[in-house]
Structures are given as C-alpha cells and as structure tokens.
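Q: There's a structure below that I have some questions on.
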Protein chains: 2
Amino acid sequence: MDFYQQEHRTLVAVDSIIFGFNENDYELKLLLLKRNFEPAKGEWSLMGGFVTPNESLDEAALRIVQKLTGLENVYMEQLYAFGDPHRDPGGRIISVAYFSLIKINEYDKELVKKNGASWIPLSELPMLIFDHNDMVSIALRKLRIRARTQPIGFELLPKKFTIPQLQRLYEAIYQKPFDKRNFRRKVLTMGLLDKLEEKEKETSKKGAFYYQFNTAKYEELLRRGFNFEL
Amino acid sequence: MDFYQQEHRTLVAVDSIIFGFNENDYELKLLLLKRNFEPAKGEWSLMGGFVTPNESLDEAALRIVQKLTGLENVYMEQLYAFGDPHRDPGGRIISVAYFSLIKINEYDKELVKKNGASWIPLSELPMLIFDHNDMVSIALRKLRIRARTQPIGFELLPKKFTIPQLQRLYEAIYQKPFDKRNFRRKVLTMGLLDKLEEKEKETSKKGAFYYQFNTAKYEELLRRGFNFEL
DNA sequence: TCAAAAGTGTTTGTTGTACACCCATGG
DNA sequence: CCATGGGTGTACAACAAACACTTTTGA
C-alpha cells in the first residue's frame, strides 16, 4: 500500500502565533514561551510541536494550542509553510505556521505558567528563535487583512463587549486611531451587533452598553452574498 | 547536530496550480497532466513532486514548474499546505500547494507534450486526483483576490498587450463582464501602462494600441505608499 | 458599404471622511 | 460640581456605476 517507500522523508512541525487582547491596557499581545529544550534552550519562541503520523496539520495546530492554553474552541487559520532547509540549526524541519485568536480571560493560567509561557505586548516583541519573527510579521499582516473583511475581531473579545472596547481593539490591530462616530456608525449599520440592556461601568462613570455579535444573523447574511467590511 | 532523531518524519510534496490565459479564445486555463505512475495512474492531476532534502519549498515548486514548462521566471505564490493523513491513498503525504501564472505563448511545448500535460479550460475542469480539485478552487479564489490588489494579471499576458485583451483577461478571471469605458479609465488613470506606437491588428480592423506595464514606475509608487486596486 | 471591434464623457448615487458638542455619573 | 469617557448628526469630497454614440478599416 505504500507506493513511495524510497522517497526522502522530513520532519514537519506546526508553530502557533497566539494573539490575545487585553481590554484593560488596550494592547495586542502574543503568547510566547522560553524554550526548555535544545537547540536554542532559554530563548523566546512560539509554541510549536511535531506533526504526528495520524493527525492532520489543523489537528496538530489545535493540539498544541490546547496543550498550552487548555482551550478547545479557538479561532485558528493556517498562515504559511516555512521550508528553508537551514531555518532550524537543529535539523531540517518544515514548519507550518498557524495563527489563533483567543479570549484573553478564558485561558488556563496554571497551564500557561507550567509551560513557561507569558503574554508579551507586540510593542515589546523580543528576538525570537529561527524564523519566528518572520512568522509573527506575516501573522500580523494577515490579521490586519482579515479583521477588515471577516468578523474575527470578536474572537479576541469577551462575548459581551462595548463599542469603545471594539474600537480600541481595532486601533490596537491597525495601530492608528479611528473617529468614534464613524466607527460606531459603521459597525452598527451592519446590523450584526445586538444591544444588551446591561452596561459596562468599570471604565467610565456613565457606562457603556454591552453588545453581542449575532452569529446566526451573520451566517444568514453571508448566504445572501453579504460582505463584511470594516 | 541532529537534535530530533527520534521524531516521526513524513513525505512532503509540492503541487502546482499553473494558470494560463489564451488571448484567442479568452479562456483561463490550467496545465494538467495524466499521471503515469501509481497510485491513480491515468487520472488527471496537478503537476507535483517530492521536496528533496536540500531545497526549500519555494525551490521545489519552481523546480517542478520548470521541469514541466521549461520556464525559469514564473510568478509563483504559496497557497496552502494540505495535511489530511488520508489525502493520498498511497501513503501519508503533506503537500504544499503553489499557484503560478505563466505566459501561455512562452512555455516549452515539447516538454509539456513529453510530460503528457495539456491546457484545460477552467470551464471544462475534470475530476482530479485526491484533493487537487480543492487546491484548484482555493487557487482560483486567491487569484481573484490577488488580481484586484496586485498587478499580477500582467503575468498572464505577453509583454505587449491591448486594453481590450487586459479586459478580457479580467472578465475571464472574475467570470463577469466589465464596462469598457470604466475599465479603461481605471487602468489608465493609475499611470502604470505605457502606450506604444504599435497596434494589434489581428482581432479588429481598426486595431488596438499596445500597452506595456511599467514595473519601475509601479515600484516607485509602491515606495510612496501607493495601493494597486482594480 | 457595412460589420466588427476600438475608443471616448457625463451624470448620478454611494461611501468615506472630517468635524464639535451634549450626556450621565462617581468621586 | 467637575472630570471622564459615552454617545450623537451633518456637510463635502471622492469614487463606483450606469449609460450611447463615433471612429477606423478590411472584407
């Protein structure tokens, strides 16, 4: 049954660029860890792991994110396959990078701590091993493209969020301020956010109404040829 | 020097979705071949090949396109890595798909014939082996996105082309007609096409002026933050 | 002389962008 | 009572979309 016996086989890994957003300090962050094995032990790295014989690439990527954060349902997208024969000095490894978006309040803090990982703001991104800095820039570029045309920003926020929170997220992603009147009009005229009775009262005295993304309505609109655009 | 001795290794291949455009019948085509080896011998397939130990993925993809067409300078872009463990019944193979755009009048016809390949219009796309039909749809989707925001359409045309030819190419890519006044205005106001003295007189009695894409000007504009958009 | 494709401008609607003031409330 | 962040509407410019006629010339 194996027709390709004589061909060369290589190590294949997945690496995950894990984004989170902190609503308190308004910063976009990455979950990074210090490698506890050779080569490059002690240096900053993305979470990664080898692909096992019976799992798909997507499954491998989910597995390693779950191993680090305990989360099962994370938004995840394949980014790019990196295959320079010398990218890892420890041997020839092809790595398929994925990026994932997680709600920063929901991950398993114990697990993250145990793995020696921490949230690093993008503004303080350290040197990473191998080509991991390239992976991060490509991920950031893709995130910026995606966030304009797909409703993925919501993956980084709690289920209930306020319009100002959403705006600060987009400002963090694009590193530039938006006009709050235009921003509010744009997100609300799409008709995909349900306004709740409840207000968020931590950040201001007046309080801001919570909203929720309406997934059902979004899928209905998609079927009718709707294009999300922010 | 090899730190990962005990890890599982897998076969890694590249597959290429090779697009061409025929200015005579106005059709977008794919270069496909009939497999001459098992498994799935005799069925339609994309051009592919295994990644060798000392080449990068990009190099492997270039190598197999060159092997089939004889062309050295082709536009090529990585598409997606396919890793379902059962995607190839002949064994577990991870395949990284690339799409490439070639000028349909410049390839080596002998070589293509020798390899048993032919140009198949997208409208007559047959069943392909494994997940190759998925690869083609993803490639087509990416081509449509790219062609709007990057000047890659020109990769599918000869150096000298007419505005009506360019329009027919875009109509083939997007499968819908464009208004010729709006189309012409849009491509010309970008200022990236140089008008030549010469006329193309095959397709009409009046003849249409040839134009050339000005790469230098495009790169200059890019540096100033210009965004191609069609 | 006519069929066939090339070439040309204007109008209208839509969308993006810029901009300043009032509101609610906890301290 | 005031500082802080939440919430609202309008005017102008830029761009997309719709639309019909004239030009050239080989057969």
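Chain lettering (A, B, ...) mirrors the order of the structure tokens, residue numbering begins at 1 for each chain separately, and ligand numbering begins at 1 in order of display.
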Give as a PDB file with C-alpha atoms, in the first residue's frame every residue of chain A that touches chain B within 10 Å, counting only C-alpha atoms.

A:
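As written to disk, selection_17.pdb reads:
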```
ATOM      1  CA  MET A   1       0.000   0.000   0.000  1.00  0.00           C
ATOM      2  CA  ASP A   2       2.920   2.383   0.433  1.00  0.00           C
ATOM      3  CA  PHE A   3       3.921   3.491  -3.062  1.00  0.00           C
ATOM      4  CA  TYR A   4       6.586   5.950  -2.087  1.00  0.00           C
ATOM      5  CA  GLN A   5       8.992   3.839   0.000  1.00  0.00           C
ATOM      6  CA  GLU A   7      11.386   8.908  -1.165  1.00  0.00           C
ATOM      7  CA  HIS A   8      13.007  11.236   1.326  1.00  0.00           C
ATOM      8  CA  ARG A   9      11.028  11.977   4.491  1.00  0.00           C
ATOM      9  CA  THR A  10      11.350  15.083   6.583  1.00  0.00           C
ATOM     10  CA  LEU A  11      10.339  16.403   9.989  1.00  0.00           C
ATOM     11  CA  VAL A  12       7.202  18.511   9.916  1.00  0.00           C
ATOM     12  CA  ALA A  13       6.160  20.799  12.739  1.00  0.00           C
ATOM     13  CA  PHE A  37      14.974  22.088  25.302  1.00  0.00           C
ATOM     14  CA  GLU A  38      17.839  22.222  22.843  1.00  0.00           C
ATOM     15  CA  PRO A  39      18.617  23.743  20.450  1.00  0.00           C
ATOM     16  CA  PHE A  50       5.865  17.998  15.605  1.00  0.00           C
ATOM     17  CA  VAL A  51       3.086  16.626  13.473  1.00  0.00           C
ATOM     18  CA  THR A  52       2.320  13.046  14.402  1.00  0.00           C
ATOM     19  CA  PRO A  53       1.616  10.296  11.841  1.00  0.00           C
ATOM     20  CA  ASN A  54      -2.152  10.177  12.186  1.00  0.00           C
ATOM     21  CA  GLU A  55      -3.204  13.766  12.608  1.00  0.00           C
ATOM     22  CA  SER A  56      -3.822  16.495  10.057  1.00  0.00           C
ATOM     23  CA  LEU A  57      -1.965  19.791  10.194  1.00  0.00           C
ATOM     24  CA  ASP A  58      -5.036  21.539  11.599  1.00  0.00           C
ATOM     25  CA  GLU A  59      -5.350  18.910  14.300  1.00  0.00           C
ATOM     26  CA  ALA A  60      -1.701  19.275  15.219  1.00  0.00           C
ATOM     27  CA  GLN A  78      -3.235  28.379   8.545  1.00  0.00           C
ATOM     28  CA  LEU A  79      -0.708  31.056   7.766  1.00  0.00           C
ATOM     29  CA  TYR A  80       2.192  29.790   5.724  1.00  0.00           C
ATOM     30  CA  ALA A  81       4.577  26.861   5.382  1.00  0.00           C
ATOM     31  CA  PHE A  82       8.215  27.655   6.111  1.00  0.00           C
ATOM     32  CA  GLY A  83      10.673  25.334   4.476  1.00  0.00           C
ATOM     33  CA  ASP A  84      14.127  26.791   4.225  1.00  0.00           C
ATOM     34  CA  PRO A  85      16.432  23.803   4.768  1.00  0.00           C
ATOM     35  CA  HIS A  86      18.505  25.788   7.258  1.00  0.00           C
ATOM     36  CA  ARG A  87      15.760  27.536   9.170  1.00  0.00           C
ATOM     37  CA  PRO A  89      20.005  24.713  13.051  1.00  0.00           C
ATOM     38  CA  GLY A  90      18.980  21.523  14.833  1.00  0.00           C
ATOM     39  CA  GLY A  91      17.967  19.836  11.608  1.00  0.00           C
ATOM     40  CA  ARG A  92      15.805  20.157   8.515  1.00  0.00           C
ATOM     41  CA  ILE A  93      12.276  20.892   9.657  1.00  0.00           C
ATOM     42  CA  ILE A  94       9.399  22.154   7.625  1.00  0.00           C
ATOM     43  CA  VAL A  96       3.519  25.135   9.025  1.00  0.00           C
ATOM     44  CA  ALA A  97       2.588  28.278  10.938  1.00  0.00           C
TER      45      ALA A  97
END
```

Q: Give as a PDB file with N, CA and C atoms (P, O5', C5', C4', C3', O3' and C1' of nucleotides), in the first residue's frame every residue of chain C that touches chain A within 7 Å, counting only C-alpha atoms (C1' of nucleotides).

A:
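What follows is the written file result-v7.pdb:
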```pdb
ATOM      1  P    DA C  24     -28.684  61.952  29.766  1.00  0.00           P
ATOM      2  O5'  DA C  24     -27.698  61.189  30.749  1.00  0.00           O
ATOM      3  C5'  DA C  24     -27.216  59.915  30.377  1.00  0.00           C
ATOM      4  C4'  DA C  24     -26.170  59.513  31.369  1.00  0.00           C
ATOM      5  C3'  DA C  24     -26.624  59.575  32.824  1.00  0.00           C
ATOM      6  O3'  DA C  24     -26.467  58.268  33.343  1.00  0.00           O
ATOM      7  C1'  DA C  24     -24.524  60.658  32.541  1.00  0.00           C
ATOM      8  P    DT C  25     -26.920  57.888  34.789  1.00  0.00           P
ATOM      9  O5'  DT C  25     -25.561  58.130  35.583  1.00  0.00           O
ATOM     10  C5'  DT C  25     -24.433  57.344  35.244  1.00  0.00           C
ATOM     11  C4'  DT C  25     -23.272  57.805  36.082  1.00  0.00           C
ATOM     12  C3'  DT C  25     -23.597  58.023  37.570  1.00  0.00           C
ATOM     13  O3'  DT C  25     -22.573  57.434  38.312  1.00  0.00           O
ATOM     14  C1'  DT C  25     -22.428  59.841  36.744  1.00  0.00           C
ATOM     15  P    DG C  26     -22.919  56.351  39.422  1.00  0.00           P
ATOM     16  O5'  DG C  26     -21.432  56.054  39.931  1.00  0.00           O
ATOM     17  C5'  DG C  26     -20.382  55.945  38.967  1.00  0.00           C
ATOM     18  C4'  DG C  26     -19.108  56.517  39.547  1.00  0.00           C
ATOM     19  C3'  DG C  26     -18.930  56.340  41.055  1.00  0.00           C
ATOM     20  O3'  DG C  26     -17.572  56.006  41.282  1.00  0.00           O
ATOM     21  C1'  DG C  26     -18.974  58.678  40.529  1.00  0.00           C
TER      22       DG C  26
END
```

Q: Can you write out as CSV which residues of segment 124-226 of chain A fall within 12 Å of segment 5-12 of chain D, alongside each residue's closest atom pair and its distance in Å to one decimal, counting only C-alpha atoms (C1' of nucleotides) and ordering rows by chain and ascending residue number?

A:
```
residue,atom,partner,partner_atom,distance
A:Thr162,CA,D:DG6,C1',10.3
A:Ile163,CA,D:DG6,C1',9.6
A:Pro164,CA,D:DG6,C1',8.4
A:Gln165,CA,D:DG6,C1',11.6
A:Lys180,CA,D:DG7,C1',9.5
A:Arg181,CA,D:DT8,C1',7.7
A:Asn182,CA,D:DG9,C1',10.8
A:Arg184,CA,D:DG7,C1',9.6
A:Arg185,CA,D:DT8,C1',10.1
A:Lys199,CA,D:DG6,C1',11.0
A:Glu200,CA,D:DG6,C1',10.9
A:Lys201,CA,D:DG5,C1',10.5
A:Glu202,CA,D:DG5,C1',10.8
A:Thr203,CA,D:DG5,C1',7.6
A:Ser204,CA,D:DG5,C1',5.4
A:Lys205,CA,D:DG5,C1',7.4
A:Lys206,CA,D:DG6,C1',6.6
A:Gly207,CA,D:DG6,C1',6.9
A:Ala208,CA,D:DG6,C1',6.2
A:Phe209,CA,D:DG6,C1',9.0
```

Q: Mind checking which residues fall within 6 Å of segment 219-230 of chain A, counting only C-alpha atoms (C1' of nucleotides), ignoring those fewer than 6 positions away in the same chain, and posting them as JSON, numbers by chain?

A: {"A": [148, 149, 150]}

Q: Onto chain A, please fit chain B by least squares using all C-alpha atoms in order, then return the transformed chain as an mmCIF file with C-alpha atoms, in the first residue's frame.

A:
```
data_model
loop_
_atom_site.group_PDB
_atom_site.id
_atom_site.type_symbol
_atom_site.label_atom_id
_atom_site.label_comp_id
_atom_site.auth_asym_id
_atom_site.auth_seq_id
_atom_site.Cartn_x
_atom_site.Cartn_y
_atom_site.Cartn_z
ATOM 1 C CA MET B 1 0.063 -0.008 -0.036
ATOM 2 C CA ASP B 2 3.021 2.341 0.431
ATOM 3 C CA PHE B 3 4.024 3.455 -3.061
ATOM 4 C CA TYR B 4 6.690 5.906 -2.049
ATOM 5 C CA GLN B 5 9.081 3.803 0.062
ATOM 6 C CA GLN B 6 12.270 5.157 -1.395
ATOM 7 C CA GLU B 7 11.483 8.879 -1.090
ATOM 8 C CA HIS B 8 13.074 11.216 1.415
ATOM 9 C CA ARG B 9 11.087 11.971 4.549
ATOM 10 C CA THR B 10 11.410 15.074 6.638
ATOM 11 C CA LEU B 11 10.374 16.396 10.036
ATOM 12 C CA VAL B 12 7.230 18.489 9.934
ATOM 13 C CA ALA B 13 6.180 20.789 12.747
ATOM 14 C CA VAL B 14 3.474 23.350 13.397
ATOM 15 C CA ASP B 15 4.049 26.675 15.137
ATOM 16 C CA SER B 16 1.286 28.852 16.508
ATOM 17 C CA ILE B 17 1.097 32.607 16.673
ATOM 18 C CA ILE B 18 -1.397 33.096 19.498
ATOM 19 C CA PHE B 19 -2.950 36.545 19.701
ATOM 20 C CA GLY B 20 -4.772 37.988 22.671
ATOM 21 C CA PHE B 21 -6.171 41.401 23.494
ATOM 22 C CA ASN B 22 -6.243 42.967 26.909
ATOM 23 C CA GLU B 23 -9.218 45.300 27.361
ATOM 24 C CA ASN B 24 -7.551 46.978 30.298
ATOM 25 C CA ASP B 25 -4.320 48.190 28.795
ATOM 26 C CA TYR B 26 -5.609 48.112 25.201
ATOM 27 C CA GLU B 27 -2.685 46.100 23.905
ATOM 28 C CA LEU B 28 -2.469 43.309 21.408
ATOM 29 C CA LYS B 29 -0.347 40.511 22.826
ATOM 30 C CA LEU B 30 1.317 37.267 21.848
ATOM 31 C CA LEU B 31 1.595 34.147 23.940
ATOM 32 C CA LEU B 32 5.296 33.275 23.845
ATOM 33 C CA LEU B 33 7.419 30.824 25.710
ATOM 34 C CA LYS B 34 10.991 30.234 26.730
ATOM 35 C CA ARG B 35 12.227 27.019 25.161
ATOM 36 C CA ASN B 36 13.122 24.405 27.730
ATOM 37 C CA PHE B 37 14.952 22.098 25.325
ATOM 38 C CA GLU B 38 17.821 22.244 22.863
ATOM 39 C CA PRO B 39 18.602 23.777 20.468
ATOM 40 C CA ALA B 40 18.144 27.404 21.486
ATOM 41 C CA LYS B 41 17.149 26.496 25.037
ATOM 42 C CA GLY B 42 16.179 29.530 27.106
ATOM 43 C CA GLU B 43 15.311 31.725 24.118
ATOM 44 C CA TRP B 44 11.896 33.129 23.268
ATOM 45 C CA SER B 45 9.851 31.080 20.870
ATOM 46 C CA LEU B 46 6.398 30.451 19.520
ATOM 47 C CA MET B 47 4.512 27.426 20.756
ATOM 48 C CA GLY B 48 5.138 24.540 18.404
ATOM 49 C CA GLY B 49 5.316 20.800 18.057
ATOM 50 C CA PHE B 50 5.870 17.990 15.610
ATOM 51 C CA VAL B 51 3.097 16.611 13.460
ATOM 52 C CA THR B 52 2.337 13.032 14.396
ATOM 53 C CA PRO B 53 1.654 10.278 11.842
ATOM 54 C CA ASN B 54 -2.116 10.164 12.171
ATOM 55 C CA GLU B 55 -3.178 13.749 12.576
ATOM 56 C CA SER B 56 -3.787 16.464 10.027
ATOM 57 C CA LEU B 57 -1.931 19.772 10.175
ATOM 58 C CA ASP B 58 -5.017 21.511 11.554
ATOM 59 C CA GLU B 59 -5.335 18.876 14.254
ATOM 60 C CA ALA B 60 -1.689 19.258 15.203
ATOM 61 C CA ALA B 61 -2.063 23.023 15.458
ATOM 62 C CA LEU B 62 -5.184 22.718 17.600
ATOM 63 C CA ARG B 63 -3.485 20.158 19.768
ATOM 64 C CA ILE B 64 -0.521 22.344 20.607
ATOM 65 C CA VAL B 65 -2.653 25.398 21.339
ATOM 66 C CA GLN B 66 -4.847 23.310 23.569
ATOM 67 C CA LYS B 67 -1.789 21.885 25.296
ATOM 68 C CA LEU B 68 -0.683 25.392 26.150
ATOM 69 C CA THR B 69 -3.971 27.131 26.938
ATOM 70 C CA GLY B 70 -6.454 24.413 27.744
ATOM 71 C CA LEU B 71 -8.858 25.932 25.201
ATOM 72 C CA GLU B 72 -10.734 23.740 22.749
ATOM 73 C CA ASN B 73 -12.615 26.150 20.552
ATOM 74 C CA VAL B 74 -10.161 28.678 19.259
ATOM 75 C CA TYR B 75 -10.218 30.573 16.023
ATOM 76 C CA MET B 76 -7.355 29.267 13.975
ATOM 77 C CA GLU B 77 -6.118 29.729 10.472
ATOM 78 C CA GLN B 78 -3.214 28.343 8.528
ATOM 79 C CA LEU B 79 -0.688 31.028 7.722
ATOM 80 C CA TYR B 80 2.230 29.776 5.713
ATOM 81 C CA ALA B 81 4.618 26.839 5.379
ATOM 82 C CA PHE B 82 8.257 27.633 6.125
ATOM 83 C CA GLY B 83 10.710 25.310 4.452
ATOM 84 C CA ASP B 84 14.163 26.762 4.246
ATOM 85 C CA PRO B 85 16.475 23.788 4.812
ATOM 86 C CA HIS B 86 18.544 25.781 7.317
ATOM 87 C CA ARG B 87 15.781 27.529 9.212
ATOM 88 C CA ASP B 88 16.339 25.358 12.296
ATOM 89 C CA PRO B 89 19.999 24.720 13.096
ATOM 90 C CA GLY B 90 18.986 21.530 14.883
ATOM 91 C CA GLY B 91 17.972 19.821 11.668
ATOM 92 C CA ARG B 92 15.818 20.139 8.564
ATOM 93 C CA ILE B 93 12.294 20.877 9.693
ATOM 94 C CA ILE B 94 9.424 22.147 7.653
ATOM 95 C CA SER B 95 7.122 24.199 9.808
ATOM 96 C CA VAL B 96 3.541 25.113 9.027
ATOM 97 C CA ALA B 97 2.591 28.253 10.923
ATOM 98 C CA TYR B 98 -0.922 28.895 12.199
ATOM 99 C CA PHE B 99 -2.320 31.947 13.880
ATOM 100 C CA SER B 100 -5.009 31.776 16.494
ATOM 101 C CA LEU B 101 -7.115 34.316 18.322
ATOM 102 C CA ILE B 102 -8.105 33.709 21.884
ATOM 103 C CA LYS B 103 -10.147 35.473 24.493
ATOM 104 C CA ILE B 104 -7.512 36.514 26.942
ATOM 105 C CA ASN B 105 -9.688 35.980 30.003
ATOM 106 C CA GLU B 106 -10.619 32.410 29.247
ATOM 107 C CA TYR B 107 -7.350 30.527 29.011
ATOM 108 C CA ASP B 108 -5.993 28.184 31.680
ATOM 109 C CA LYS B 109 -3.514 30.247 33.657
ATOM 110 C CA GLU B 110 -2.002 27.291 35.494
ATOM 111 C CA LEU B 111 -1.216 25.498 32.268
ATOM 112 C CA VAL B 112 0.359 28.547 30.701
ATOM 113 C CA LYS B 113 2.508 29.135 33.748
ATOM 114 C CA LYS B 114 3.561 25.494 33.866
ATOM 115 C CA ASN B 115 4.701 25.751 30.248
ATOM 116 C CA GLY B 116 6.766 28.825 30.972
ATOM 117 C CA ALA B 117 4.712 30.985 28.633
ATOM 118 C CA SER B 118 3.689 34.607 29.002
ATOM 119 C CA TRP B 119 1.760 37.330 27.240
ATOM 120 C CA ILE B 120 4.075 39.782 25.537
ATOM 121 C CA PRO B 121 2.737 43.009 24.023
ATOM 122 C CA LEU B 122 3.526 43.341 20.346
ATOM 123 C CA SER B 123 5.207 46.630 21.151
ATOM 124 C CA GLU B 124 7.778 44.761 23.250
ATOM 125 C CA LEU B 125 8.283 41.788 20.971
ATOM 126 C CA PRO B 126 11.683 40.215 21.733
ATOM 127 C CA MET B 127 14.004 38.443 19.330
ATOM 128 C CA LEU B 128 12.567 35.004 18.717
ATOM 129 C CA ILE B 129 14.350 31.856 17.611
ATOM 130 C CA PHE B 130 14.871 30.862 13.991
ATOM 131 C CA ASP B 131 12.378 32.490 11.625
ATOM 132 C CA HIS B 132 9.702 33.011 14.281
ATOM 133 C CA ASN B 133 9.887 36.794 13.971
ATOM 134 C CA ASP B 134 9.039 36.435 10.276
ATOM 135 C CA MET B 135 6.123 34.234 11.230
ATOM 136 C CA VAL B 136 4.857 36.931 13.567
ATOM 137 C CA SER B 137 5.058 39.694 10.966
ATOM 138 C CA ILE B 138 3.247 37.587 8.410
ATOM 139 C CA ALA B 139 0.614 36.730 10.997
ATOM 140 C CA LEU B 140 0.140 40.366 11.877
ATOM 141 C CA ARG B 141 -0.225 41.288 8.230
ATOM 142 C CA LYS B 142 -2.815 38.566 7.761
ATOM 143 C CA LEU B 143 -4.659 39.552 10.911
ATOM 144 C CA ARG B 144 -4.918 43.106 9.595
ATOM 145 C CA ILE B 145 -6.279 41.942 6.286
ATOM 146 C CA ARG B 146 -8.702 39.491 7.869
ATOM 147 C CA ALA B 147 -10.032 41.877 10.487
ATOM 148 C CA ARG B 148 -11.231 44.233 7.756
ATOM 149 C CA THR B 149 -13.167 41.652 5.811
ATOM 150 C CA GLN B 150 -14.147 38.960 8.305
ATOM 151 C CA PRO B 151 -15.754 39.372 11.704
ATOM 152 C CA ILE B 152 -12.802 37.851 13.561
ATOM 153 C CA GLY B 153 -12.137 40.724 15.910
ATOM 154 C CA PHE B 154 -14.869 39.322 18.128
ATOM 155 C CA GLU B 155 -12.720 36.237 18.738
ATOM 156 C CA LEU B 156 -10.403 38.461 20.769
ATOM 157 C CA LEU B 157 -13.135 39.969 22.935
ATOM 158 C CA PRO B 158 -15.443 38.496 25.555
ATOM 159 C CA LYS B 159 -18.944 37.544 24.369
ATOM 160 C CA LYS B 160 -20.263 40.818 25.748
ATOM 161 C CA PHE B 161 -18.279 43.890 24.794
ATOM 162 C CA THR B 162 -18.829 47.594 24.355
ATOM 163 C CA ILE B 163 -18.393 49.644 21.192
ATOM 164 C CA PRO B 164 -15.480 51.589 22.707
ATOM 165 C CA GLN B 165 -13.783 48.264 23.555
ATOM 166 C CA LEU B 166 -14.249 47.077 20.000
ATOM 167 C CA GLN B 167 -12.842 50.330 18.705
ATOM 168 C CA ARG B 168 -9.789 50.083 20.944
ATOM 169 C CA LEU B 169 -9.211 46.571 19.656
ATOM 170 C CA TYR B 170 -9.246 47.771 16.066
ATOM 171 C CA GLU B 171 -6.991 50.650 16.982
ATOM 172 C CA ALA B 172 -4.562 48.158 18.512
ATOM 173 C CA ILE B 173 -4.671 45.958 15.425
ATOM 174 C CA TYR B 174 -4.123 48.787 12.959
ATOM 175 C CA GLN B 175 -2.023 50.984 15.214
ATOM 176 C CA LYS B 176 -4.008 54.086 14.414
ATOM 177 C CA PRO B 177 -6.950 55.949 15.890
ATOM 178 C CA PHE B 178 -10.418 55.843 14.380
ATOM 179 C CA ASP B 179 -13.112 58.483 14.587
ATOM 180 C CA LYS B 180 -15.582 57.190 17.123
ATOM 181 C CA ARG B 181 -18.675 58.512 15.342
ATOM 182 C CA ASN B 182 -17.722 56.928 12.041
ATOM 183 C CA PHE B 183 -16.636 53.715 13.754
ATOM 184 C CA ARG B 184 -19.843 53.346 15.710
ATOM 185 C CA ARG B 185 -21.982 54.062 12.674
ATOM 186 C CA LYS B 186 -20.135 51.535 10.594
ATOM 187 C CA VAL B 187 -20.325 48.633 13.027
ATOM 188 C CA LEU B 188 -23.927 49.319 13.939
ATOM 189 C CA THR B 189 -25.336 49.821 10.442
ATOM 190 C CA MET B 190 -24.202 46.299 9.538
ATOM 191 C CA GLY B 191 -26.887 45.141 11.935
ATOM 192 C CA LEU B 192 -24.805 42.316 13.366
ATOM 193 C CA LEU B 193 -24.513 43.575 16.927
ATOM 194 C CA ASP B 194 -27.309 43.079 19.437
ATOM 195 C CA LYS B 195 -27.506 45.731 22.111
ATOM 196 C CA LEU B 196 -27.967 44.431 25.646
ATOM 197 C CA GLU B 197 -29.662 46.183 28.556
ATOM 198 C CA GLU B 198 -26.569 45.873 30.692
ATOM 199 C CA LYS B 199 -23.825 48.446 30.938
ATOM 200 C CA GLU B 200 -20.105 48.102 31.493
ATOM 201 C CA LYS B 201 -19.234 50.504 34.319
ATOM 202 C CA GLU B 202 -15.565 49.812 35.025
ATOM 203 C CA THR B 203 -13.966 52.169 32.558
ATOM 204 C CA SER B 204 -16.310 55.116 32.804
ATOM 205 C CA LYS B 205 -18.763 56.695 35.166
ATOM 206 C CA LYS B 206 -21.465 56.973 32.573
ATOM 207 C CA GLY B 207 -21.034 53.352 31.500
ATOM 208 C CA ALA B 208 -21.182 51.880 28.027
ATOM 209 C CA PHE B 209 -23.813 49.465 26.770
ATOM 210 C CA TYR B 210 -22.770 45.903 26.117
ATOM 211 C CA TYR B 211 -23.276 44.410 22.683
ATOM 212 C CA GLN B 212 -23.117 40.870 21.376
ATOM 213 C CA PHE B 213 -22.138 39.618 17.941
ATOM 214 C CA ASN B 214 -25.066 37.838 16.298
ATOM 215 C CA THR B 215 -23.536 34.824 14.577
ATOM 216 C CA ALA B 216 -26.826 33.494 13.251
ATOM 217 C CA LYS B 217 -27.657 36.773 11.549
ATOM 218 C CA TYR B 218 -24.160 36.954 10.095
ATOM 219 C CA GLU B 219 -24.452 33.510 8.555
ATOM 220 C CA GLU B 220 -27.857 34.350 7.167
ATOM 221 C CA LEU B 221 -26.482 37.497 5.525
ATOM 222 C CA LEU B 222 -23.493 35.555 4.179
ATOM 223 C CA ARG B 223 -25.852 33.198 2.408
ATOM 224 C CA ARG B 224 -27.397 36.212 0.684
ATOM 225 C CA GLY B 225 -24.028 37.393 -0.572
ATOM 226 C CA PHE B 226 -23.273 39.917 2.148
ATOM 227 C CA ASN B 227 -19.680 41.093 2.558
ATOM 228 C CA PHE B 228 -18.410 42.075 5.962
ATOM 229 C CA GLU B 229 -16.284 45.197 5.686
ATOM 230 C CA LEU B 230 -14.958 47.422 8.351
#
```
